[in-house]
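**Student:** Got a structure for you, coords_17.pdb, holding PDB, N, CA and C atoms.
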```pdb
ATOM      1  N   MET A  29     -49.634  29.388  -0.372
ATOM      2  CA  MET A  29     -50.475  29.130   0.793
ATOM      3  C   MET A  29     -50.952  30.471   1.363
ATOM      4  N   PRO A  30     -52.198  30.544   1.814
ATOM      5  CA  PRO A  30     -52.724  31.808   2.350
ATOM      6  C   PRO A  30     -52.019  32.228   3.646
ATOM      7  N   LYS A  31     -52.144  33.492   3.921
ATOM      8  CA  LYS A  31     -51.547  34.080   5.137
ATOM      9  C   LYS A  31     -52.632  34.357   6.166
ATOM     10  N   THR A  32     -52.204  34.485   7.417
ATOM     11  CA  THR A  32     -53.100  34.875   8.498
ATOM     12  C   THR A  32     -52.322  35.737   9.487
ATOM     13  N   ILE A  33     -53.024  36.301  10.443
ATOM     14  CA  ILE A  33     -52.419  37.159  11.461
ATOM     15  C   ILE A  33     -52.305  36.373  12.762
ATOM     16  N   ARG A  34     -51.143  36.453  13.402
ATOM     17  CA  ARG A  34     -50.961  35.811  14.698
ATOM     18  C   ARG A  34     -50.486  36.856  15.706
ATOM     19  N   LEU A  35     -51.028  36.763  16.910
ATOM     20  CA  LEU A  35     -50.649  37.650  18.005
ATOM     21  C   LEU A  35     -49.268  37.272  18.523
ATOM     22  N   ARG A  36     -48.435  38.257  18.764
ATOM     23  CA  ARG A  36     -47.154  38.033  19.444
ATOM     24  C   ARG A  36     -47.492  38.041  20.947
ATOM     25  N   THR A  37     -47.838  36.881  21.453
ATOM     26  CA  THR A  37     -48.442  36.751  22.777
ATOM     27  C   THR A  37     -47.592  37.354  23.887
ATOM     28  N   LYS A  38     -46.309  37.052  23.920
ATOM     29  CA  LYS A  38     -45.443  37.550  24.997
ATOM     30  C   LYS A  38     -45.319  39.063  24.955
ATOM     31  N   VAL A  39     -45.167  39.624  23.767
ATOM     32  CA  VAL A  39     -45.067  41.075  23.622
ATOM     33  C   VAL A  39     -46.382  41.734  24.031
ATOM     34  N   PHE A  40     -47.500  41.146  23.586
ATOM     35  CA  PHE A  40     -48.822  41.665  23.919
ATOM     36  C   PHE A  40     -49.031  41.677  25.434
ATOM     37  N   ALA A  41     -48.711  40.561  26.097
ATOM     38  CA  ALA A  41     -48.895  40.461  27.545
ATOM     39  C   ALA A  41     -48.025  41.474  28.287
ATOM     40  N   LYS A  42     -46.793  41.634  27.855
ATOM     41  CA  LYS A  42     -45.887  42.599  28.498
ATOM     42  C   LYS A  42     -46.382  44.029  28.285
ATOM     43  N   ALA A  43     -46.825  44.333  27.066
ATOM     44  CA  ALA A  43     -47.333  45.674  26.772
ATOM     45  C   ALA A  43     -48.575  45.975  27.610
ATOM     46  N   ALA A  44     -49.463  44.987  27.745
ATOM     47  CA  ALA A  44     -50.675  45.172  28.549
ATOM     48  C   ALA A  44     -50.323  45.437  30.006
ATOM     49  N   LEU A  45     -49.374  44.688  30.526
ATOM     50  CA  LEU A  45     -48.947  44.874  31.916
ATOM     51  C   LEU A  45     -48.314  46.255  32.114
ATOM     52  N   LEU A  46     -47.437  46.643  31.199
ATOM     53  CA  LEU A  46     -46.788  47.958  31.285
ATOM     54  C   LEU A  46     -47.790  49.100  31.141
ATOM     55  N   ALA A  47     -48.884  48.846  30.419
ATOM     56  CA  ALA A  47     -49.931  49.866  30.252
ATOM     57  C   ALA A  47     -50.860  49.931  31.462
ATOM     58  N   GLY A  48     -50.655  49.020  32.431
ATOM     59  CA  GLY A  48     -51.441  49.056  33.662
ATOM     60  C   GLY A  48     -52.654  48.155  33.672
ATOM     61  N   PHE A  49     -52.806  47.304  32.669
ATOM     62  CA  PHE A  49     -53.940  46.374  32.644
ATOM     63  C   PHE A  49     -53.562  45.124  33.428
ATOM     64  N   THR A  50     -54.223  44.932  34.564
ATOM     65  CA  THR A  50     -53.864  43.821  35.444
ATOM     66  C   THR A  50     -54.773  42.614  35.281
ATOM     67  N   SER A  51     -55.751  42.704  34.385
ATOM     68  CA  SER A  51     -56.639  41.567  34.164
ATOM     69  C   SER A  51     -57.110  41.569  32.709
ATOM     70  N   ASP A  52     -57.514  40.392  32.237
ATOM     71  CA  ASP A  52     -58.082  40.299  30.892
ATOM     72  C   ASP A  52     -59.341  41.154  30.794
ATOM     73  N   TYR A  53     -60.101  41.237  31.890
ATOM     74  CA  TYR A  53     -61.339  42.022  31.883
ATOM     75  C   TYR A  53     -61.039  43.501  31.628
ATOM     76  N   ALA A  54     -60.067  44.066  32.358
ATOM     77  CA  ALA A  54     -59.727  45.480  32.193
ATOM     78  C   ALA A  54     -59.205  45.756  30.788
ATOM     79  N   LEU A  55     -58.379  44.859  30.296
ATOM     80  CA  LEU A  55     -57.843  45.018  28.951
ATOM     81  C   LEU A  55     -58.955  44.915  27.911
ATOM     82  N   ALA A  56     -59.814  43.934  28.059
ATOM     83  CA  ALA A  56     -60.927  43.748  27.118
ATOM     84  C   ALA A  56     -61.835  44.971  27.102
ATOM     85  N   LYS A  57     -62.090  45.527  28.260
ATOM     86  CA  LYS A  57     -62.943  46.725  28.344
ATOM     87  C   LYS A  57     -62.300  47.878  27.572
ATOM     88  N   ALA A  58     -60.992  48.067  27.752
ATOM     89  CA  ALA A  58     -60.288  49.137  27.040
ATOM     90  C   ALA A  58     -60.247  48.879  25.534
ATOM     91  N   MET A  59     -60.217  47.594  25.155
ATOM     92  CA  MET A  59     -60.174  47.219  23.741
ATOM     93  C   MET A  59     -61.565  47.191  23.112
ATOM     94  N   GLU A  60     -62.609  47.253  23.956
ATOM     95  CA  GLU A  60     -64.003  47.181  23.519
ATOM     96  C   GLU A  60     -64.319  45.848  22.837
ATOM     97  N   VAL A  61     -63.804  44.761  23.442
ATOM     98  CA  VAL A  61     -64.123  43.399  23.012
ATOM     99  C   VAL A  61     -64.484  42.593  24.262
ATOM    100  N   ASN A  62     -65.022  41.406  24.066
ATOM    101  CA  ASN A  62     -65.363  40.540  25.201
ATOM    102  C   ASN A  62     -64.108  39.991  25.853
ATOM    103  N   ARG A  63     -64.175  39.793  27.156
ATOM    104  CA  ARG A  63     -63.059  39.202  27.879
ATOM    105  C   ARG A  63     -62.724  37.830  27.316
ATOM    106  N   SER A  64     -63.756  37.075  26.935
ATOM    107  CA  SER A  64     -63.519  35.740  26.379
ATOM    108  C   SER A  64     -62.744  35.819  25.061
ATOM    109  N   THR A  65     -62.930  36.882  24.311
ATOM    110  CA  THR A  65     -62.182  37.057  23.062
ATOM    111  C   THR A  65     -60.705  37.228  23.371
ATOM    112  N   VAL A  66     -60.388  38.052  24.361
ATOM    113  CA  VAL A  66     -58.989  38.245  24.761
ATOM    114  C   VAL A  66     -58.395  36.912  25.215
ATOM    115  N   ALA A  67     -59.105  36.197  26.064
ATOM    116  CA  ALA A  67     -58.607  34.919  26.579
ATOM    117  C   ALA A  67     -58.404  33.912  25.448
ATOM    118  N   ARG A  68     -59.332  33.847  24.508
ATOM    119  CA  ARG A  68     -59.236  32.875  23.411
ATOM    120  C   ARG A  68     -58.110  33.217  22.443
ATOM    121  N   VAL A  69     -57.890  34.506  22.175
ATOM    122  CA  VAL A  69     -56.776  34.890  21.305
ATOM    123  C   VAL A  69     -55.452  34.610  22.017
ATOM    124  N   LEU A  70     -55.367  34.937  23.302
ATOM    125  CA  LEU A  70     -54.132  34.678  24.053
ATOM    126  C   LEU A  70     -53.805  33.192  24.129
ATOM    127  N   SER A  71     -54.816  32.349  24.220
ATOM    128  CA  SER A  71     -54.583  30.907  24.317
ATOM    129  C   SER A  71     -54.322  30.272  22.952
ATOM    130  N   GLY A  72     -54.552  31.020  21.878
ATOM    131  CA  GLY A  72     -54.341  30.487  20.540
ATOM    132  C   GLY A  72     -55.549  29.780  19.964
ATOM    133  N   ASP A  73     -56.668  29.783  20.696
ATOM    134  CA  ASP A  73     -57.893  29.140  20.210
ATOM    135  C   ASP A  73     -58.609  29.968  19.145
ATOM    136  N   LEU A  74     -58.271  31.247  19.053
ATOM    137  CA  LEU A  74     -58.926  32.163  18.121
ATOM    138  C   LEU A  74     -57.872  33.071  17.516
ATOM    139  N   ARG A  75     -57.944  33.286  16.225
ATOM    140  CA  ARG A  75     -57.052  34.240  15.567
ATOM    141  C   ARG A  75     -57.605  35.644  15.788
ATOM    142  N   PRO A  76     -56.726  36.638  15.926
ATOM    143  CA  PRO A  76     -57.217  38.008  16.120
ATOM    144  C   PRO A  76     -57.935  38.524  14.881
ATOM    145  N   GLY A  77     -59.126  39.058  15.078
ATOM    146  CA  GLY A  77     -59.903  39.649  14.001
ATOM    147  C   GLY A  77     -59.756  41.160  14.008
ATOM    148  N   PRO A  78     -60.457  41.840  13.114
ATOM    149  CA  PRO A  78     -60.335  43.296  13.004
ATOM    150  C   PRO A  78     -60.652  44.051  14.296
ATOM    151  N   ALA A  79     -61.695  43.639  15.022
ATOM    152  CA  ALA A  79     -62.061  44.341  16.263
ATOM    153  C   ALA A  79     -60.966  44.162  17.314
ATOM    154  N   PHE A  80     -60.408  42.951  17.400
ATOM    155  CA  PHE A  80     -59.328  42.693  18.358
ATOM    156  C   PHE A  80     -58.088  43.509  17.994
ATOM    157  N   ILE A  81     -57.719  43.484  16.727
ATOM    158  CA  ILE A  81     -56.518  44.203  16.283
ATOM    159  C   ILE A  81     -56.671  45.703  16.515
ATOM    160  N   GLY A  82     -57.804  46.259  16.100
ATOM    161  CA  GLY A  82     -58.046  47.689  16.305
ATOM    162  C   GLY A  82     -58.072  48.062  17.774
ATOM    163  N   GLY A  83     -58.719  47.225  18.577
ATOM    164  CA  GLY A  83     -58.784  47.477  20.015
ATOM    165  C   GLY A  83     -57.416  47.413  20.676
ATOM    166  N   ALA A  84     -56.614  46.436  20.271
ATOM    167  CA  ALA A  84     -55.268  46.297  20.838
ATOM    168  C   ALA A  84     -54.403  47.498  20.488
ATOM    169  N   LEU A  85     -54.468  47.930  19.233
ATOM    170  CA  LEU A  85     -53.648  49.068  18.814
ATOM    171  C   LEU A  85     -54.084  50.358  19.507
ATOM    172  N   THR A  86     -55.363  50.477  19.806
ATOM    173  CA  THR A  86     -55.869  51.651  20.517
ATOM    174  C   THR A  86     -55.499  51.593  21.998
ATOM    175  N   ALA A  87     -55.789  50.466  22.651
ATOM    176  CA  ALA A  87     -55.554  50.336  24.093
ATOM    177  C   ALA A  87     -54.069  50.311  24.440
ATOM    178  N   LEU A  88     -53.243  49.806  23.534
ATOM    179  CA  LEU A  88     -51.822  49.649  23.839
ATOM    180  C   LEU A  88     -50.938  50.619  23.060
ATOM    181  N   ALA A  89     -51.528  51.717  22.594
ATOM    182  CA  ALA A  89     -50.739  52.753  21.915
ATOM    183  C   ALA A  89     -49.641  53.212  22.873
ATOM    184  N   PRO A  90     -48.455  53.441  22.386
ATOM    185  CA  PRO A  90     -48.031  53.634  21.003
ATOM    186  C   PRO A  90     -47.531  52.363  20.294
ATOM    187  N   MET A  91     -47.873  51.192  20.796
ATOM    188  CA  MET A  91     -47.473  49.965  20.116
ATOM    189  C   MET A  91     -48.058  49.973  18.703
ATOM    190  N   GLN A  92     -47.304  49.437  17.758
ATOM    191  CA  GLN A  92     -47.703  49.393  16.361
ATOM    192  C   GLN A  92     -48.084  47.968  15.965
ATOM    193  N   PHE A  93     -48.725  47.819  14.818
ATOM    194  CA  PHE A  93     -49.161  46.505  14.347
ATOM    195  C   PHE A  93     -48.018  45.494  14.377
ATOM    196  N   ASP A  94     -46.873  45.850  13.818
ATOM    197  CA  ASP A  94     -45.749  44.915  13.741
ATOM    198  C   ASP A  94     -45.160  44.568  15.103
ATOM    199  N   ASP A  95     -45.416  45.390  16.112
ATOM    200  CA  ASP A  95     -44.966  45.070  17.474
ATOM    201  C   ASP A  95     -45.810  43.944  18.068
ATOM    202  N   LEU A  96     -47.112  43.975  17.814
ATOM    203  CA  LEU A  96     -48.058  43.074  18.472
ATOM    204  C   LEU A  96     -48.482  41.867  17.635
ATOM    205  N   PHE A  97     -48.341  41.956  16.325
ATOM    206  CA  PHE A  97     -48.855  40.910  15.444
ATOM    207  C   PHE A  97     -47.816  40.539  14.402
ATOM    208  N   GLU A  98     -47.971  39.322  13.851
ATOM    209  CA  GLU A  98     -47.124  38.910  12.746
ATOM    210  C   GLU A  98     -47.976  38.212  11.690
ATOM    211  N   VAL A  99     -47.564  38.329  10.457
ATOM    212  CA  VAL A  99     -48.232  37.665   9.345
ATOM    213  C   VAL A  99     -47.513  36.336   9.141
ATOM    214  N   VAL A 100     -48.290  35.242   9.172
ATOM    215  CA  VAL A 100     -47.721  33.894   9.069
ATOM    216  C   VAL A 100     -48.498  33.070   8.053
ATOM    217  N   GLN A 101     -47.921  31.942   7.661
ATOM    218  CA  GLN A 101     -48.624  31.004   6.794
ATOM    219  C   GLN A 101     -49.828  30.453   7.550
ATOM    220  N   ALA A 102     -50.963  30.392   6.897
ATOM    221  CA  ALA A 102     -52.155  29.808   7.502
ATOM    222  C   ALA A 102     -51.978  28.300   7.551
ATOM    223  N   SER A 103     -52.414  27.693   8.629
ATOM    224  CA  SER A 103     -52.365  26.238   8.741
ATOM    225  C   SER A 103     -53.732  25.666   8.354
ATOM    226  N   ASP A 104     -53.813  24.357   8.224
ATOM    227  CA  ASP A 104     -55.098  23.722   7.922
ATOM    228  C   ASP A 104     -56.127  24.053   8.991
ATOM    229  N   ARG A 105     -55.688  24.258  10.210
ATOM    230  CA  ARG A 105     -56.571  24.591  11.334
ATOM    231  C   ARG A 105     -57.262  25.931  11.135
ATOM    232  N   ASP A 106     -56.627  26.844  10.385
ATOM    233  CA  ASP A 106     -57.166  28.183  10.173
ATOM    234  C   ASP A 106     -58.264  28.233   9.112
ATOM    235  N   HIS A 107     -58.453  27.171   8.361
ATOM    236  CA  HIS A 107     -59.444  27.170   7.274
ATOM    237  C   HIS A 107     -60.769  26.659   7.747
TER     238      HIS A 107
END
```
Take the structure from the file and write it as structure tokens.
**Tutor:**
Amino acid sequence: MPKTIRLRTKVFAKAALLAGFTSDYALAKAMEVNRSTVARVLSGDLRPGPAFIGGALTALAPMQFDDLFEVVQASDRDH
């Protein structure tokens, strides 16, 4: 079965708060993505894509990929 990337939502939210981002808008601006993208990934409606992943790793440095994301089995919903 194919794999996909899933955000570790609780870790991501805690890291964003500790980094001083108090809103999805501020975080999205630092990540250089739309606020709606942040909201949709956090809610699970959207899987993180390359721009989201790169933006998160940049805005939330020194967090690493494995801190914020996990590789999981893709579900039928992901296809």
**Student:** Using only C-alpha atoms, determine which residues lie at most 12 Å from Arg34 (chain A), disregarding the query and same-chain residues fewer than 3 positions distant; provide the list as a list of chain:residue names.
**Tutor:**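 The filter keeps A:Lys31, A:Thr37, A:Lys38, A:Val39, A:Phe40, A:Val69, A:Leu70, A:Ser71, A:Gly72, A:Asp73, A:Leu74, A:Arg75, A:Pro76, A:Gly77, A:Phe80, A:Ile81, A:Phe93, A:Asp94, A:Asp95, A:Leu96, A:Phe97, A:Glu98, A:Val99, A:Val100, A:Gln101, A:Ala102, A:Ser103, A:Asp106.
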**Student:** Tell me, as a list of chain:residue names, which residues lie within 7 Å of Ala58 (chain A), counting all atoms listed in the file; anything in the same chain fewer than 5 positions away does not count.
**Tutor:**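 Once the nearby chain positions are removed, what remains is A:Tyr53, A:Gly83, A:Ala84, A:Thr86, A:Ala87.
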**Student:** Atoms to include: N, CA and C atoms. Write the selected residues as a PDB file, keeping the file's coordinate frame.
**Tutor:**
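Output below, filename result_21.pdb:
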```
ATOM      1  N   TYR A  53     -60.101  41.237  31.890  1.00  0.00           N
ATOM      2  CA  TYR A  53     -61.339  42.022  31.883  1.00  0.00           C
ATOM      3  C   TYR A  53     -61.039  43.501  31.628  1.00  0.00           C
ATOM      4  N   GLY A  83     -58.719  47.225  18.577  1.00  0.00           N
ATOM      5  CA  GLY A  83     -58.784  47.477  20.015  1.00  0.00           C
ATOM      6  C   GLY A  83     -57.416  47.413  20.676  1.00  0.00           C
ATOM      7  N   ALA A  84     -56.614  46.436  20.271  1.00  0.00           N
ATOM      8  CA  ALA A  84     -55.268  46.297  20.838  1.00  0.00           C
ATOM      9  C   ALA A  84     -54.403  47.498  20.488  1.00  0.00           C
ATOM     10  N   THR A  86     -55.363  50.477  19.806  1.00  0.00           N
ATOM     11  CA  THR A  86     -55.869  51.651  20.517  1.00  0.00           C
ATOM     12  C   THR A  86     -55.499  51.593  21.998  1.00  0.00           C
ATOM     13  N   ALA A  87     -55.789  50.466  22.651  1.00  0.00           N
ATOM     14  CA  ALA A  87     -55.554  50.336  24.093  1.00  0.00           C
ATOM     15  C   ALA A  87     -54.069  50.311  24.440  1.00  0.00           C
TER      16      ALA A  87
END
```
**Student:** Could you tell me how far atom C of Ala89 (chain A) lies from atom C of Ile33 (chain A), in Å and to one decimal?
**Tutor:**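 It comes out at 19.8 Å.
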**Student:** Chain A: which residues are strand (DSSP E) by DSSP, as a ChimeraX atom specification?
**Tutor:** /A:31-35,97-101
**Student:** Find the spatial neighbours of region 63-66 of chain A, counting all atoms listed in the file, within a cut-off of 7 Å - ignore same-chain residues fewer than 6 positions away - and output them as a ChimeraX atom specification.
**Tutor:** /A:52-53,56-57
**Student:** Now that the selection is made, can you save its residues with N, CA and C atoms as a PDB file, in the frame of the given file?
**Tutor:**
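Writing done, so here's out_22.pdb:
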```pdb
ATOM      1  N   ASP A  52     -57.514  40.392  32.237  1.00  0.00           N
ATOM      2  CA  ASP A  52     -58.082  40.299  30.892  1.00  0.00           C
ATOM      3  C   ASP A  52     -59.341  41.154  30.794  1.00  0.00           C
ATOM      4  N   TYR A  53     -60.101  41.237  31.890  1.00  0.00           N
ATOM      5  CA  TYR A  53     -61.339  42.022  31.883  1.00  0.00           C
ATOM      6  C   TYR A  53     -61.039  43.501  31.628  1.00  0.00           C
ATOM      7  N   ALA A  56     -59.814  43.934  28.059  1.00  0.00           N
ATOM      8  CA  ALA A  56     -60.927  43.748  27.118  1.00  0.00           C
ATOM      9  C   ALA A  56     -61.835  44.971  27.102  1.00  0.00           C
ATOM     10  N   LYS A  57     -62.090  45.527  28.260  1.00  0.00           N
ATOM     11  CA  LYS A  57     -62.943  46.725  28.344  1.00  0.00           C
ATOM     12  C   LYS A  57     -62.300  47.878  27.572  1.00  0.00           C
TER      13      LYS A  57
END
```
**Student:** Using DSSP on the backbone coordinates, identify the residues of chain A assigned to alpha helix (DSSP H); present them as a VMD selection string.
**Tutor:** chain A and resid 37 to 46 52 to 59 63 to 71 78 to 87 93 to 96
**Student:** Could you work out how far atom N of Pro90 (chain A) lies from atom N of Ala47 (chain A), giving the answer in Å with one decimal?
**Tutor:** 9.3 Å
**Student:** Grab the atom N of Leu45 (chain A) to atom C of Leu88 (chain A) distance for me, in Å with one decimal place.
**Tutor:**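 Separation of atom N of Leu45 (chain A) and atom C of Leu88 (chain A): 9.7 Å.
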**Student:** Please give the centre and size of the box around region 75-90 of chain A (axis-aligned, containing every atom listed in the file, 5 Å added per side), with values in Å to one decimal and written as AutoDock Vina command-line options.
**Tutor:**
```
--center_x -54.8 --center_y 43.5 --center_z 18.7 --size_x 24.5 --size_y 30.3 --size_z 21.4
```
